[in-house]
Amino acid sequence: MIELTHDPIDYTQLTERVRSDQAGAVVLFLGTVREMTGSRQTLALDYDAYPEMALAQMQRLVEDIQQRWPVTGVAISHRLGHLELGDISVAAAVSSPHRAQAFEAGRFLIDELKVRVPIWKKENWADGSTEWVHPGVPSTAPAEQE
Amino acid sequence: MIELTHDPIDYTQLTERVRSDQAGAVVLFLGTVREMTGSRQTLALDYDAYPEMALAQMQRLVEDIQQRWPVTGVAISHRLGHLELGDISVAAAVSSPHRAQAFEAGRFLIDELKVRVPIWKKENWADGSTEWVHPGVPSTAPAEQE
Amino acid sequence: MNVTVRLFARARELAGQSEVCVNVPEGLTVAELRHRLGQTCPELKSLLPHLMFAVDNEYVSEARCLGPTVEVAAFPPVSGG
Amino acid sequence: MNVTVRLFARARELAGQSEVCVNVPEGLTVAELRHRLGQTCPELKSLLPHLMFAVDNEYVSEARCLGPTVEVAAFPPVSGG
């Protein structure tokens, strides 16, 4: 199961999807909206995506994982839109016969998702400014901020 | 939160306990009853514990994790008694500011739990025999099985 | 031929629109499209070297010839998760 | 003095009881208790070298003197999770 959603993520349902009598281990990862980044304070995040490509890239990622590890199930849900502090932005669940596989595949999944799936977040800082987050690209000057 | 329980584990409640505005990552591990171990088929597992010591050792494990990683929350629930295929035997949740910490701490938690917390499982094999699992100890001869 | 370039995130914000139409010769490479996009849309100048390009939901390299492609996506590095 | 040894898992099953009472001199080491437990409870013979001992919810080493301890736990390697 792979989805993009504007609604709150039901990670229990996601986890149930990957459970299996053939699995001895399930690893669930949740990304949540953190308040502090260094000394900067976040009020909220806005997530946007290129939806068709994001879904296609997540599907490719699942296939890559299935080739590398003997996973029993994989599921990913990424939320879009306006998220408040503590909200879940992404949930990813992996099940496998043994725990090492589930941890490795789960870590790979979220690491790769963060570099290849076209989804972007915009910071809503406590000082009132907003800023698209683009790793490796210098921050926008204040004049460029909306 | 640390518990031993004879009831089905509510991993959603456990996960909610560790969520925090200060955490950007949550890793939940579930151990579930797997049917096949090599070519041997499991029908069910019975878990038993030395409860006072198991709780004390889980508490020590949580403290060890809090010293090693900047975790925001840690919770462990281990089930005891008779478990059917697919049932959850253990749930462990860790939250932290960044995901590397949550994955490392979660992996450490379950690896250490499996070697130091006094809980034991008994296999109920499909051939009708039962067998306590004690890593490093030779299997019981059939005459020793109950 | 005309190529529609779909823009996302800060690229869309800087350009002030979600897609721009760029007139290019057929068989253009991605590297050349990047250059032409900067001419068509000078607001993207600061971001231009950082943009990633995709065709049919797949990332494409600088040397890739676009052929008869009519739609391309351009966006700065992703930050989901 | 008498030490109560609580048994778990296969140790309890082999002994046919959840605790055994072992008469020992005060100041006995864990290594010596292991030996005496085998004498008191010969059914544990095959498991004896694998048993782990704990006092007050903590694992204890072979060289540990039991002092006035009156309760010890003995069990084979754990397999929770």
# chains A, B, ... in the order shown; residues from 1 in each chain; ligands from 1
$ select_by_dssp --residues "chain C" --states "helix (DSSP H, G or I)" --output "PyMOL selection string"
chain C and resi 9-15+30-40+42-44+48-50
$ residues_around --residues "region 29-38 of chain B" --least-positions-apart "4" --cutoff "7 Å" --atoms "only C-alpha atoms" --output "list in words"
Asp21, Gln22, Ala23, Gly24, Ala25, Val26, Val27 and Leu28 of chain A; Thr42, Leu43, Glu84, Leu85, Gly86, Asp87, Ile88, Ser89, Val90, Ala91, Ala92 and Ala93 of chain B; Gly81 of chain D
$ write_last_selection --atoms "N, CA, C and O atoms" --output "PDB file, in the first residue's frame"
ATOM      1  N   ASP A  21       1.612 -13.935   9.353  1.00  0.00           N
ATOM      2  CA  ASP A  21       2.101 -15.110  10.092  1.00  0.00           C
ATOM      3  C   ASP A  21       3.506 -15.503   9.654  1.00  0.00           C
ATOM      4  O   ASP A  21       4.190 -16.257  10.342  1.00  0.00           O
ATOM      5  N   GLN A  22       3.930 -15.015   8.492  1.00  0.00           N
ATOM      6  CA  GLN A  22       5.266 -15.351   7.993  1.00  0.00           C
ATOM      7  C   GLN A  22       6.313 -14.352   8.488  1.00  0.00           C
ATOM      8  O   GLN A  22       7.504 -14.519   8.220  1.00  0.00           O
ATOM      9  N   ALA A  23       5.879 -13.323   9.189  1.00  0.00           N
ATOM     10  CA  ALA A  23       6.801 -12.301   9.690  1.00  0.00           C
ATOM     11  C   ALA A  23       6.987 -12.453  11.196  1.00  0.00           C
ATOM     12  O   ALA A  23       6.025 -12.673  11.933  1.00  0.00           O
ATOM     13  N   GLY A  24       8.228 -12.334  11.640  1.00  0.00           N
ATOM     14  CA  GLY A  24       8.509 -12.308  13.062  1.00  0.00           C
ATOM     15  C   GLY A  24       8.776 -10.900  13.556  1.00  0.00           C
ATOM     16  O   GLY A  24       8.891 -10.661  14.747  1.00  0.00           O
ATOM     17  N   ALA A  25       8.865  -9.960  12.609  1.00  0.00           N
ATOM     18  CA  ALA A  25       9.251  -8.595  12.966  1.00  0.00           C
ATOM     19  C   ALA A  25       8.513  -7.576  12.105  1.00  0.00           C
ATOM     20  O   ALA A  25       8.318  -7.785  10.912  1.00  0.00           O
ATOM     21  N   VAL A  26       8.105  -6.490  12.753  1.00  0.00           N
ATOM     22  CA  VAL A  26       7.528  -5.343  12.055  1.00  0.00           C
ATOM     23  C   VAL A  26       8.259  -4.103  12.559  1.00  0.00           C
ATOM     24  O   VAL A  26       8.432  -3.942  13.770  1.00  0.00           O
ATOM     25  N   VAL A  27       8.724  -3.263  11.640  1.00  0.00           N
ATOM     26  CA  VAL A  27       9.276  -1.966  12.035  1.00  0.00           C
ATOM     27  C   VAL A  27       8.422  -0.881  11.392  1.00  0.00           C
ATOM     28  O   VAL A  27       8.196  -0.892  10.179  1.00  0.00           O
ATOM     29  N   LEU A  28       7.936   0.010  12.249  1.00  0.00           N
ATOM     30  CA  LEU A  28       7.150   1.155  11.782  1.00  0.00           C
ATOM     31  C   LEU A  28       7.958   2.411  12.045  1.00  0.00           C
ATOM     32  O   LEU A  28       8.461   2.608  13.156  1.00  0.00           O
TER      33      LEU A  28
ATOM     34  N   THR B  42       5.600 -23.774  13.535  1.00  0.00           N
ATOM     35  CA  THR B  42       5.108 -23.424  14.869  1.00  0.00           C
ATOM     36  C   THR B  42       3.584 -23.317  14.836  1.00  0.00           C
ATOM     37  O   THR B  42       3.010 -22.749  13.903  1.00  0.00           O
ATOM     38  N   LEU B  43       2.939 -23.857  15.866  1.00  0.00           N
ATOM     39  CA  LEU B  43       1.480 -23.689  16.000  1.00  0.00           C
ATOM     40  C   LEU B  43       1.156 -22.538  16.944  1.00  0.00           C
ATOM     41  O   LEU B  43       0.185 -21.826  16.766  1.00  0.00           O
ATOM     42  N   GLU B  84      -0.942 -17.105  19.681  1.00  0.00           N
ATOM     43  CA  GLU B  84      -1.199 -17.785  18.413  1.00  0.00           C
ATOM     44  C   GLU B  84      -0.348 -17.152  17.309  1.00  0.00           C
ATOM     45  O   GLU B  84       0.209 -16.070  17.478  1.00  0.00           O
ATOM     46  N   LEU B  85      -0.306 -17.811  16.165  1.00  0.00           N
ATOM     47  CA  LEU B  85       0.421 -17.278  15.005  1.00  0.00           C
ATOM     48  C   LEU B  85      -0.006 -15.840  14.713  1.00  0.00           C
ATOM     49  O   LEU B  85      -1.196 -15.530  14.711  1.00  0.00           O
ATOM     50  N   GLY B  86       0.973 -14.985  14.465  1.00  0.00           N
ATOM     51  CA  GLY B  86       0.686 -13.598  14.103  1.00  0.00           C
ATOM     52  C   GLY B  86       0.486 -12.674  15.293  1.00  0.00           C
ATOM     53  O   GLY B  86       0.524 -11.455  15.129  1.00  0.00           O
ATOM     54  N   ASP B  87       0.278 -13.234  16.473  1.00  0.00           N
ATOM     55  CA  ASP B  87       0.096 -12.384  17.656  1.00  0.00           C
ATOM     56  C   ASP B  87       1.369 -11.591  17.954  1.00  0.00           C
ATOM     57  O   ASP B  87       2.479 -12.024  17.641  1.00  0.00           O
ATOM     58  N   ILE B  88       1.189 -10.442  18.595  1.00  0.00           N
ATOM     59  CA  ILE B  88       2.324  -9.591  18.961  1.00  0.00           C
ATOM     60  C   ILE B  88       2.860 -10.012  20.324  1.00  0.00           C
ATOM     61  O   ILE B  88       2.131  -9.966  21.312  1.00  0.00           O
ATOM     62  N   SER B  89       4.128 -10.419  20.369  1.00  0.00           N
ATOM     63  CA  SER B  89       4.726 -10.823  21.644  1.00  0.00           C
ATOM     64  C   SER B  89       5.376  -9.646  22.353  1.00  0.00           C
ATOM     65  O   SER B  89       5.422  -9.617  23.590  1.00  0.00           O
ATOM     66  N   VAL B  90       5.905  -8.698  21.592  1.00  0.00           N
ATOM     67  CA  VAL B  90       6.557  -7.542  22.205  1.00  0.00           C
ATOM     68  C   VAL B  90       6.360  -6.313  21.319  1.00  0.00           C
ATOM     69  O   VAL B  90       6.346  -6.431  20.078  1.00  0.00           O
ATOM     70  N   ALA B  91       6.191  -5.179  21.948  1.00  0.00           N
ATOM     71  CA  ALA B  91       6.141  -3.898  21.233  1.00  0.00           C
ATOM     72  C   ALA B  91       7.076  -2.947  21.956  1.00  0.00           C
ATOM     73  O   ALA B  91       7.044  -2.854  23.187  1.00  0.00           O
ATOM     74  N   ALA B  92       7.929  -2.273  21.192  1.00  0.00           N
ATOM     75  CA  ALA B  92       8.877  -1.323  21.780  1.00  0.00           C
ATOM     76  C   ALA B  92       8.885  -0.076  20.912  1.00  0.00           C
ATOM     77  O   ALA B  92       9.047  -0.169  19.695  1.00  0.00           O
ATOM     78  N   ALA B  93       8.681   1.072  21.528  1.00  0.00           N
ATOM     79  CA  ALA B  93       8.627   2.332  20.784  1.00  0.00           C
ATOM     80  C   ALA B  93       9.647   3.312  21.341  1.00  0.00           C
ATOM     81  O   ALA B  93       9.819   3.414  22.562  1.00  0.00           O
TER      82      ALA B  93
ATOM     83  N   GLY D  81      11.050 -11.588  23.540  1.00  0.00           N
ATOM     84  CA  GLY D  81      11.092 -10.764  22.328  1.00  0.00           C
ATOM     85  C   GLY D  81      10.181 -11.317  21.260  1.00  0.00           C
ATOM     86  O   GLY D  81       9.618 -12.381  21.406  1.00  0.00           O
TER      87      GLY D  81
END
$ interface_residues --of "chain B" --to "chain D" --cutoff "8 Å" --atoms "only C-alpha atoms" --output "ChimeraX atom specification"
/B:31,47-50,52-54,56-57,78,89-90,110,113-121,132-137,144
$ closest_residue --among "A:Gln59, A:Thr72, A:Thr12, A:Thr130" --to "chain B" --atoms "only C-alpha atoms"
A:Thr12
$ closest_residue --among "B:Thr15, B:Ser95, B:Ser39, B:Ser20" --to "Trp125 (chain B)" --atoms "only C-alpha atoms"
B:Ser39
$ residues_around --residues "Leu37 (chain C)" --least-positions-apart "3" --cutoff "12 Å" --atoms "only C-alpha atoms" --output "PyMOL selection string"
chain C and resi 2-7+11+15+19-24+30-34+40-45+47-49+51+53+72-74
$ write_last_selection --atoms "C-alpha atoms" --output "PDB file, in the first residue's frame"
ATOM      1  CA  ASN C   2       7.151  23.897 -27.219  1.00  0.00           C
ATOM      2  CA  VAL C   3       8.007  22.112 -23.978  1.00  0.00           C
ATOM      3  CA  THR C   4       5.864  22.637 -20.922  1.00  0.00           C
ATOM      4  CA  VAL C   5       8.017  22.747 -17.786  1.00  0.00           C
ATOM      5  CA  ARG C   6       6.086  22.025 -14.590  1.00  0.00           C
ATOM      6  CA  LEU C   7       7.558  23.778 -11.557  1.00  0.00           C
ATOM      7  CA  ALA C  11      10.774  27.032  -8.197  1.00  0.00           C
ATOM      8  CA  ALA C  15       8.456  31.861 -11.087  1.00  0.00           C
ATOM      9  CA  GLU C  19       4.322  25.816 -15.398  1.00  0.00           C
ATOM     10  CA  VAL C  20       6.176  27.697 -18.079  1.00  0.00           C
ATOM     11  CA  CYS C  21       6.232  27.093 -21.800  1.00  0.00           C
ATOM     12  CA  VAL C  22       9.728  27.035 -23.332  1.00  0.00           C
ATOM     13  CA  ASN C  23      10.289  27.045 -27.097  1.00  0.00           C
ATOM     14  CA  VAL C  24      13.135  24.696 -27.964  1.00  0.00           C
ATOM     15  CA  VAL C  30      18.422  18.575 -20.419  1.00  0.00           C
ATOM     16  CA  ALA C  31      21.513  20.781 -19.947  1.00  0.00           C
ATOM     17  CA  GLU C  32      20.323  22.999 -22.797  1.00  0.00           C
ATOM     18  CA  LEU C  33      16.774  23.081 -21.482  1.00  0.00           C
ATOM     19  CA  ARG C  34      18.111  24.232 -18.112  1.00  0.00           C
ATOM     20  CA  THR C  40      12.536  32.308 -20.305  1.00  0.00           C
ATOM     21  CA  CYS C  41      12.172  32.673 -16.569  1.00  0.00           C
ATOM     22  CA  PRO C  42      14.967  34.876 -15.134  1.00  0.00           C
ATOM     23  CA  GLU C  43      13.359  34.721 -11.659  1.00  0.00           C
ATOM     24  CA  LEU C  44      14.723  31.153 -11.429  1.00  0.00           C
ATOM     25  CA  LYS C  45      18.345  32.269 -11.821  1.00  0.00           C
ATOM     26  CA  LEU C  47      17.827  28.169  -8.220  1.00  0.00           C
ATOM     27  CA  LEU C  48      18.764  27.099 -11.760  1.00  0.00           C
ATOM     28  CA  PRO C  49      21.950  25.127 -10.926  1.00  0.00           C
ATOM     29  CA  LEU C  51      17.061  22.120 -10.300  1.00  0.00           C
ATOM     30  CA  PHE C  53      14.563  17.412 -14.100  1.00  0.00           C
ATOM     31  CA  VAL C  72       9.151  18.063 -18.265  1.00  0.00           C
ATOM     32  CA  ALA C  73       9.178  18.620 -14.505  1.00  0.00           C
ATOM     33  CA  ALA C  74      11.762  20.836 -12.815  1.00  0.00           C
TER      34      ALA C  74
END
$ calpha_fit_and_write --fixed "chain C" --moving "chain D" --output "compact mmCIF listing (two decimals) with N, CA and C atoms, in the first residue's frame"
# COMPACT_ATOMS: atom_id res chain seq x y z
N MET D 1 9.61 23.48 -31.35
CA MET D 1 8.57 22.83 -30.55
C MET D 1 8.48 23.50 -29.17
N ASN D 2 7.34 23.36 -28.55
CA ASN D 2 7.15 23.91 -27.21
C ASN D 2 7.20 22.81 -26.17
N VAL D 3 7.97 23.04 -25.11
CA VAL D 3 8.01 22.11 -23.98
C VAL D 3 7.37 22.80 -22.78
N THR D 4 6.46 22.11 -22.13
CA THR D 4 5.88 22.63 -20.90
C THR D 4 6.74 22.15 -19.73
N VAL D 5 7.23 23.09 -18.95
CA VAL D 5 8.03 22.74 -17.78
C VAL D 5 7.18 22.97 -16.52
N ARG D 6 6.86 21.88 -15.83
CA ARG D 6 6.09 22.00 -14.58
C ARG D 6 7.06 22.32 -13.44
N LEU D 7 6.69 23.30 -12.64
CA LEU D 7 7.56 23.76 -11.56
C LEU D 7 6.94 23.43 -10.20
N PHE D 8 7.81 23.16 -9.22
CA PHE D 8 7.33 22.80 -7.88
C PHE D 8 8.10 23.56 -6.80
N ALA D 9 7.45 23.66 -5.64
CA ALA D 9 8.07 24.21 -4.42
C ALA D 9 8.65 25.59 -4.68
N ARG D 10 9.90 25.83 -4.29
CA ARG D 10 10.45 27.19 -4.41
C ARG D 10 10.55 27.64 -5.87
N ALA D 11 10.71 26.67 -6.78
CA ALA D 11 10.77 27.03 -8.20
C ALA D 11 9.43 27.64 -8.65
N ARG D 12 8.35 27.03 -8.22
CA ARG D 12 7.03 27.55 -8.57
C ARG D 12 6.82 28.92 -7.93
N GLU D 13 7.29 29.03 -6.68
CA GLU D 13 7.10 30.29 -5.95
C GLU D 13 7.88 31.43 -6.62
N LEU D 14 9.14 31.13 -6.98
CA LEU D 14 9.96 32.18 -7.62
C LEU D 14 9.40 32.56 -8.98
N ALA D 15 8.96 31.58 -9.75
CA ALA D 15 8.45 31.86 -11.09
C ALA D 15 7.07 32.51 -11.05
N GLY D 16 6.39 32.30 -9.93
CA GLY D 16 5.04 32.86 -9.83
C GLY D 16 4.02 32.11 -10.67
N GLN D 17 4.38 30.91 -11.13
CA GLN D 17 3.45 30.10 -11.91
C GLN D 17 3.84 28.63 -11.79
N SER D 18 2.88 27.74 -12.04
CA SER D 18 3.16 26.32 -11.82
C SER D 18 3.72 25.65 -13.07
N GLU D 19 3.65 26.35 -14.23
CA GLU D 19 4.33 25.81 -15.40
C GLU D 19 4.70 26.94 -16.35
N VAL D 20 5.78 26.71 -17.07
CA VAL D 20 6.18 27.68 -18.07
C VAL D 20 6.37 26.95 -19.39
N CYS D 21 6.10 27.68 -20.48
CA CYS D 21 6.24 27.10 -21.80
C CYS D 21 7.56 27.60 -22.39
N VAL D 22 8.44 26.67 -22.80
CA VAL D 22 9.74 27.04 -23.34
C VAL D 22 9.82 26.54 -24.78
N ASN D 23 10.16 27.45 -25.69
CA ASN D 23 10.29 27.06 -27.10
C ASN D 23 11.71 26.56 -27.34
N VAL D 24 11.83 25.31 -27.81
CA VAL D 24 13.15 24.68 -27.97
C VAL D 24 13.22 23.91 -29.27
N PRO D 25 14.44 23.73 -29.82
CA PRO D 25 14.57 22.83 -30.97
C PRO D 25 14.42 21.38 -30.53
N GLU D 26 13.87 20.53 -31.39
CA GLU D 26 13.70 19.12 -31.03
C GLU D 26 15.07 18.47 -30.80
N GLY D 27 15.14 17.52 -29.87
CA GLY D 27 16.40 16.83 -29.61
C GLY D 27 17.30 17.58 -28.62
N LEU D 28 16.76 18.59 -28.00
CA LEU D 28 17.50 19.36 -27.00
C LEU D 28 17.91 18.47 -25.82
N THR D 29 19.07 18.75 -25.23
CA THR D 29 19.45 18.02 -24.02
C THR D 29 18.87 18.72 -22.79
N VAL D 30 18.89 18.00 -21.68
CA VAL D 30 18.42 18.56 -20.42
C VAL D 30 19.28 19.77 -20.03
N ALA D 31 20.60 19.66 -20.26
CA ALA D 31 21.50 20.78 -19.94
C ALA D 31 21.09 22.03 -20.70
N GLU D 32 20.74 21.83 -21.98
CA GLU D 32 20.34 22.98 -22.79
C GLU D 32 18.98 23.52 -22.33
N LEU D 33 18.09 22.63 -21.96
CA LEU D 33 16.77 23.09 -21.47
C LEU D 33 16.94 23.92 -20.21
N ARG D 34 17.86 23.47 -19.33
CA ARG D 34 18.12 24.23 -18.10
C ARG D 34 18.50 25.68 -18.45
N HIS D 35 19.39 25.81 -19.44
CA HIS D 35 19.85 27.13 -19.86
C HIS D 35 18.68 27.97 -20.40
N ARG D 36 17.88 27.35 -21.26
CA ARG D 36 16.77 28.08 -21.89
C ARG D 36 15.70 28.44 -20.87
N LEU D 37 15.51 27.57 -19.89
CA LEU D 37 14.53 27.87 -18.83
C LEU D 37 14.93 29.14 -18.08
N GLY D 38 16.25 29.29 -17.86
CA GLY D 38 16.74 30.50 -17.19
C GLY D 38 16.50 31.75 -18.01
N GLN D 39 16.56 31.60 -19.35
CA GLN D 39 16.30 32.76 -20.21
C GLN D 39 14.82 33.12 -20.22
N THR D 40 14.00 32.08 -20.29
CA THR D 40 12.55 32.32 -20.32
C THR D 40 12.05 32.87 -18.99
N CYS D 41 12.69 32.41 -17.92
CA CYS D 41 12.17 32.69 -16.59
C CYS D 41 13.33 33.17 -15.70
N PRO D 42 13.77 34.41 -15.86
CA PRO D 42 14.96 34.89 -15.14
C PRO D 42 14.81 34.86 -13.62
N GLU D 43 13.59 34.80 -13.12
CA GLU D 43 13.37 34.72 -11.66
C GLU D 43 13.97 33.43 -11.07
N LEU D 44 14.20 32.44 -11.92
CA LEU D 44 14.72 31.14 -11.44
C LEU D 44 16.24 31.12 -11.35
N LYS D 45 16.89 32.25 -11.71
CA LYS D 45 18.35 32.28 -11.83
C LYS D 45 19.09 31.66 -10.64
N SER D 46 18.72 32.08 -9.41
CA SER D 46 19.46 31.59 -8.22
C SER D 46 19.27 30.09 -8.01
N LEU D 47 18.16 29.58 -8.47
CA LEU D 47 17.82 28.18 -8.22
C LEU D 47 18.27 27.27 -9.37
N LEU D 48 18.54 27.88 -10.54
CA LEU D 48 18.76 27.11 -11.77
C LEU D 48 19.79 25.97 -11.63
N PRO D 49 20.97 26.23 -11.03
CA PRO D 49 21.95 25.13 -10.95
C PRO D 49 21.51 23.98 -10.04
N HIS D 50 20.51 24.22 -9.20
CA HIS D 50 20.07 23.20 -8.24
C HIS D 50 18.88 22.38 -8.75
N LEU D 51 18.28 22.80 -9.86
CA LEU D 51 17.05 22.12 -10.29
C LEU D 51 17.31 20.70 -10.77
N MET D 52 16.38 19.80 -10.44
CA MET D 52 16.39 18.44 -10.94
C MET D 52 15.29 18.35 -12.00
N PHE D 53 15.53 17.53 -13.03
CA PHE D 53 14.55 17.41 -14.11
C PHE D 53 14.02 15.97 -14.16
N ALA D 54 12.75 15.86 -14.53
CA ALA D 54 12.13 14.53 -14.64
C ALA D 54 11.21 14.48 -15.86
N VAL D 55 11.21 13.32 -16.50
CA VAL D 55 10.32 13.05 -17.63
C VAL D 55 9.61 11.73 -17.35
N ASP D 56 8.31 11.71 -17.52
CA ASP D 56 7.54 10.48 -17.29
C ASP D 56 7.82 9.88 -15.91
N ASN D 57 7.88 10.73 -14.90
CA ASN D 57 8.04 10.32 -13.50
C ASN D 57 9.41 9.73 -13.16
N GLU D 58 10.38 9.91 -14.06
CA GLU D 58 11.74 9.44 -13.79
C GLU D 58 12.72 10.60 -13.89
N TYR D 59 13.71 10.58 -13.01
CA TYR D 59 14.77 11.59 -13.10
C TYR D 59 15.53 11.41 -14.40
N VAL D 60 15.96 12.52 -15.01
CA VAL D 60 16.75 12.44 -16.24
C VAL D 60 18.06 13.18 -16.03
N SER D 61 19.11 12.66 -16.71
CA SER D 61 20.45 13.24 -16.54
C SER D 61 20.62 14.43 -17.48
N GLU D 62 21.70 15.18 -17.26
CA GLU D 62 21.98 16.39 -18.05
C GLU D 62 22.13 16.09 -19.53
N ALA D 63 22.68 14.92 -19.85
CA ALA D 63 23.00 14.60 -21.24
C ALA D 63 21.81 14.06 -22.03
N ARG D 64 20.73 13.77 -21.31
CA ARG D 64 19.56 13.16 -21.95
C ARG D 64 18.97 14.09 -23.03
N CYS D 65 18.73 13.52 -24.20
CA CYS D 65 18.04 14.28 -25.25
C CYS D 65 16.54 14.16 -25.04
N LEU D 66 15.86 15.28 -25.14
CA LEU D 66 14.44 15.27 -24.80
C LEU D 66 13.57 14.69 -25.90
N GLY D 67 14.09 14.63 -27.15
CA GLY D 67 13.30 14.05 -28.23
C GLY D 67 11.99 14.78 -28.37
N PRO D 68 10.92 14.05 -28.64
CA PRO D 68 9.64 14.73 -28.83
C PRO D 68 8.89 14.97 -27.52
N THR D 69 9.61 14.92 -26.40
CA THR D 69 8.97 15.14 -25.10
C THR D 69 8.28 16.49 -25.06
N VAL D 70 7.07 16.50 -24.54
CA VAL D 70 6.36 17.78 -24.47
C VAL D 70 6.15 18.26 -23.04
N GLU D 71 6.41 17.38 -22.07
CA GLU D 71 6.26 17.82 -20.69
C GLU D 71 7.44 17.36 -19.85
N VAL D 72 8.01 18.31 -19.11
CA VAL D 72 9.16 18.05 -18.25
C VAL D 72 8.81 18.65 -16.88
N ALA D 73 9.32 18.01 -15.82
CA ALA D 73 9.16 18.59 -14.48
C ALA D 73 10.52 19.11 -14.02
N ALA D 74 10.51 20.25 -13.34
CA ALA D 74 11.74 20.82 -12.80
C ALA D 74 11.49 21.24 -11.37
N PHE D 75 12.39 20.78 -10.48
CA PHE D 75 12.17 21.12 -9.07
C PHE D 75 13.49 21.09 -8.30
N PRO D 76 13.58 21.86 -7.23
CA PRO D 76 14.77 21.83 -6.39
C PRO D 76 14.78 20.58 -5.52
N PRO D 77 15.91 20.27 -4.84
CA PRO D 77 16.03 19.03 -4.06
C PRO D 77 14.85 18.80 -3.12
N VAL D 78 14.47 17.54 -3.00
CA VAL D 78 13.27 17.16 -2.26
C VAL D 78 13.53 17.17 -0.75
N SER D 79 12.45 17.29 0.01
CA SER D 79 12.58 17.37 1.47
C SER D 79 11.38 16.74 2.17
N GLY D 80 10.84 15.68 1.58
CA GLY D 80 9.74 14.99 2.24
C GLY D 80 10.23 14.17 3.42
N GLY D 81 9.30 13.44 4.00
CA GLY D 81 9.66 12.58 5.13
C GLY D 81 9.30 13.24 6.44
$ select_by_dssp --residues "region 72-107 of chain B" --states "strand (DSSP E)" --output "JSON list (two decimals) with C-alpha atoms, in the first residue's frame"
[["chain", "number", "residue", "atom", "x", "y", "z"],
["B", 73, "GLY", "CA", 10.39, 8.73, 24.94],
["B", 74, "VAL", "CA", 10.76, 4.96, 25.35],
["B", 75, "ALA", "CA", 8.02, 2.41, 25.98],
["B", 76, "ILE", "CA", 8.05, -1.39, 26.14],
["B", 77, "SER", "CA", 5.23, -3.91, 26.49],
["B", 78, "HIS", "CA", 5.88, -7.66, 26.54],
["B", 79, "ARG", "CA", 3.10, -10.18, 26.43],
["B", 81, "GLY", "CA", 0.98, -16.57, 28.19],
["B", 82, "HIS", "CA", -0.30, -18.41, 25.14],
["B", 83, "LEU", "CA", 0.16, -16.66, 21.77],
["B", 84, "GLU", "CA", -1.20, -17.79, 18.41],
["B", 88, "ILE", "CA", 2.32, -9.59, 18.96],
["B", 89, "SER", "CA", 4.73, -10.82, 21.64],
["B", 90, "VAL", "CA", 6.56, -7.54, 22.20],
["B", 91, "ALA", "CA", 6.14, -3.90, 21.23],
["B", 92, "ALA", "CA", 8.88, -1.32, 21.78],
["B", 93, "ALA", "CA", 8.63, 2.33, 20.78],
["B", 94, "VAL", "CA", 11.33, 5.00, 20.80],
["B", 95, "SER", "CA", 11.09, 8.65, 19.81],
["B", 96, "SER", "CA", 13.94, 11.10, 19.25]]
$ residues_around --residues "Glu104 (chain B)" --least-positions-apart "2" --cutoff "10 Å" --atoms "only C-alpha atoms" --output "ChimeraX atom specification"
/A:103,107 /B:27,65,68-69,94,99-102,106-109
$ write_last_selection --atoms "N, CA, C and O atoms" --output "short mmCIF file (atom, residue, chain, number, x, y, z; two decimals), in the first residue's frame"
data_model
loop_
_atom_site.label_atom_id
_atom_site.label_comp_id
_atom_site.auth_asym_id
_atom_site.auth_seq_id
_atom_site.Cartn_x
_atom_site.Cartn_y
_atom_site.Cartn_z
N PHE A 103 14.63 -3.82 10.32
CA PHE A 103 15.28 -2.56 10.68
C PHE A 103 16.06 -1.98 9.49
O PHE A 103 15.99 -0.79 9.20
N ARG A 107 14.99 1.48 7.58
CA ARG A 107 15.92 2.62 7.54
C ARG A 107 16.21 3.04 6.10
O ARG A 107 16.20 4.23 5.77
N VAL B 27 10.27 5.23 16.14
CA VAL B 27 10.43 3.87 15.60
C VAL B 27 9.72 2.91 16.54
O VAL B 27 9.96 2.92 17.75
N ILE B 65 19.48 3.27 27.46
CA ILE B 65 19.17 3.94 26.19
C ILE B 65 19.16 5.45 26.37
O ILE B 65 19.69 6.19 25.54
N ARG B 68 22.60 6.77 26.27
CA ARG B 68 23.35 6.67 25.01
C ARG B 68 22.82 7.57 23.91
O ARG B 68 23.57 7.99 23.03
N TRP B 69 21.49 7.76 23.88
CA TRP B 69 20.88 8.54 22.80
C TRP B 69 19.95 9.60 23.39
O TRP B 69 19.37 9.39 24.47
N VAL B 94 10.33 4.00 20.43
CA VAL B 94 11.33 5.00 20.80
C VAL B 94 11.08 6.24 19.97
O VAL B 94 10.83 6.15 18.77
N ARG B 99 16.01 10.77 13.05
CA ARG B 99 15.67 9.37 12.82
C ARG B 99 16.80 8.39 13.10
O ARG B 99 16.55 7.26 13.53
N ALA B 100 18.06 8.79 12.89
CA ALA B 100 19.16 7.85 13.12
C ALA B 100 19.14 7.37 14.57
O ALA B 100 19.32 6.19 14.85
N GLN B 101 18.89 8.31 15.48
CA GLN B 101 18.86 7.97 16.90
C GLN B 101 17.73 6.99 17.22
O GLN B 101 17.90 6.04 17.99
N ALA B 102 16.58 7.22 16.62
CA ALA B 102 15.43 6.35 16.91
C ALA B 102 15.66 4.94 16.38
O ALA B 102 15.33 3.95 17.04
N GLY B 106 16.15 1.90 18.94
CA GLY B 106 15.13 0.84 18.82
C GLY B 106 15.76 -0.52 18.58
O GLY B 106 15.35 -1.53 19.17
N ARG B 107 16.79 -0.54 17.74
CA ARG B 107 17.48 -1.79 17.47
C ARG B 107 18.21 -2.30 18.72
O ARG B 107 18.15 -3.49 19.07
N PHE B 108 18.88 -1.38 19.40
CA PHE B 108 19.57 -1.73 20.64
C PHE B 108 18.58 -2.28 21.66
O PHE B 108 18.83 -3.29 22.32
N LEU B 109 17.46 -1.62 21.78
CA LEU B 109 16.45 -2.02 22.76
C LEU B 109 16.04 -3.49 22.56
O LEU B 109 16.09 -4.29 23.50
#
